Amino acid sequence: MKLNVLLLMPNLLSLLRIVLVPLFLYFIFIPTVQHRMWALLVFIVAAITDFFDGWLARKLHQESEMGKFLDPLADKFLVIAALIAFLFLDPLIPLWMIVIIIARDILITLMRYLAIKKGASLRTSSFGKVKTAFQMISIIVIIMVFVFRKAKMHMYETDDILKFTRVYEILISNNPDKWLITSPYLLMLLVTLLTALSGVRYLITNWRLFLPPYRKAERGE
């Protein structure tokens, strides 16, 4: 019994990461230092499970196709939930960044699905792991900024779609908190660029998945 539970641990950790998403959202939307600290703690715990489920799967030789699908899916739930929360909490974070990141994740999920249907493997690279790690670290830093940053962020609202002009104005100002105000935008910009580049790399190395046939050939066909 204990052995069976141990073998299931990688997938259970991925499921735990998904379960932690509503708890993280609950804490992050309450504008107190204590609740933001709890949100930070929950996200860190979820990020740690991302490391351990992959490590356990390799250690126990349990790298199943379900695990390969569930692990990145749990990452996407966690990251996208955090980014959408940031969109509501910080007026300087633009919608186009979130759209690019979500579009890339939808594309990769579709490619993973096609790979499973075709009985093929999705070709990955270390760059994708670097991108995921940078996403997690950036989100942790942004939450920390939310903990220590002063209120009145509504003063920086703007109709500028890119938000770059507003961020530039703040950076060249004499505002002593300008780095606390603009750092989430700057980190999100780097995350968006890395995510877009990662998506392009996946397309280049796995474009054949979009070619027919779209399912694994049966014996005798």
# chains A, B, ... in the order shown; residues from 1 in each chain; ligands from 1

call {"tool": "residues_around", "arguments": {"residues": "Met111 in chain A", "least_positions_apart": "6", "cutoff": "8 Å", "atoms": "only C-alpha atoms", "output": "ChimeraX atom specification"}}
result
/A:122,206,209-210

call {"tool": "residues_around", "arguments": {"residues": "range 175-186 of chain A", "least_positions_apart": "4", "cutoff": "10 Å", "atoms": "only C-alpha atoms", "output": "PyMOL selection string"}}
result
chain A and resi 86+90-94+97+138-139+141-146+148-150+153+156+163-164+166-171+190-192

call {"tool": "closest_residue", "arguments": {"among": "A:Met37, A:Ile204, A:Val79, A:Ile84", "to": "Asp50 in chain A", "atoms": "only C-alpha atoms"}}
result
A:Val79

call {"tool": "closest_residue", "arguments": {"among": "A:Leu25, A:Ala133, A:Ile108, A:Ile44", "to": "Arg201 in chain A", "atoms": "only C-alpha atoms"}}
result
A:Ile108

call {"tool": "select_by_dssp", "arguments": {"residues": "range 8-221 of chain A", "states": "helix (DSSP H, G or I)", "output": "ChimeraX atom specification"}}
result
/A:8-28,33-59,65-89,95-118,126-148,153-156,164-171,178-210

call {"tool": "closest_residue", "arguments": {"among": "A:Val21, A:Leu15, A:Leu162, A:Ala196", "to": "Leu95 in chain A", "atoms": "only C-alpha atoms"}}
result
A:Leu162

call {"tool": "residues_around", "arguments": {"residues": "range 123-130 of chain A", "least_positions_apart": "6", "cutoff": "8 Å", "atoms": "only C-alpha atoms", "output": "list in words"}}
result
Ser198, Tyr202, Thr205 and Asn206 of chain A

call {"tool": "closest_residue", "arguments": {"among": "A:Ala39, A:Ile28, A:Leu203, A:Leu87", "to": "Leu110 in chain A", "atoms": "only C-alpha atoms"}}
result
A:Leu203

call {"tool": "closest_residue", "arguments": {"among": "A:Pro31, A:Ala81, A:Phe51, A:Val99", "to": "Val19 in chain A", "atoms": "only C-alpha atoms"}}
result
A:Ala81

call {"tool": "residues_around", "arguments": {"residues": "Trp38 in chain A", "least_positions_apart": "2", "cutoff": "8 Å", "atoms": "only C-alpha atoms", "output": "mmCIF file with N, CA and C atoms, in the first residue's frame"}}
result
data_model
loop_
_atom_site.group_PDB
_atom_site.id
_atom_site.type_symbol
_atom_site.label_atom_id
_atom_site.label_comp_id
_atom_site.auth_asym_id
_atom_site.auth_seq_id
_atom_site.Cartn_x
_atom_site.Cartn_y
_atom_site.Cartn_z
ATOM 1 N N PHE A 24 -4.453 30.244 -3.009
ATOM 2 C CA PHE A 24 -3.568 31.362 -3.349
ATOM 3 C C PHE A 24 -4.371 32.589 -3.769
ATOM 4 N N PHE A 27 -6.064 34.434 -0.799
ATOM 5 C CA PHE A 27 -5.165 35.273 0.000
ATOM 6 C C PHE A 27 -4.672 36.503 -0.762
ATOM 7 N N ILE A 28 -4.357 36.348 -2.053
ATOM 8 C CA ILE A 28 -3.731 37.448 -2.790
ATOM 9 C C ILE A 28 -4.686 38.621 -2.990
ATOM 10 N N GLN A 34 -0.625 40.593 5.994
ATOM 11 C CA GLN A 34 -0.695 39.212 6.461
ATOM 12 C C GLN A 34 -1.210 38.272 5.375
ATOM 13 N N HIS A 35 -2.281 38.675 4.696
ATOM 14 C CA HIS A 35 -2.858 37.809 3.662
ATOM 15 C C HIS A 35 -1.941 37.692 2.447
ATOM 16 N N ARG A 36 -1.263 38.785 2.092
ATOM 17 C CA ARG A 36 -0.318 38.715 0.970
ATOM 18 C C ARG A 36 0.864 37.805 1.324
ATOM 19 N N LEU A 40 2.016 34.487 -0.624
ATOM 20 C CA LEU A 40 3.407 34.217 -0.989
ATOM 21 C C LEU A 40 3.822 32.826 -0.540
ATOM 22 N N LEU A 41 3.471 32.462 0.691
ATOM 23 C CA LEU A 41 3.826 31.151 1.232
ATOM 24 C C LEU A 41 3.171 30.026 0.428
ATOM 25 N N VAL A 42 1.883 30.191 0.115
ATOM 26 C CA VAL A 42 1.170 29.163 -0.655
ATOM 27 C C VAL A 42 1.808 28.991 -2.025
#
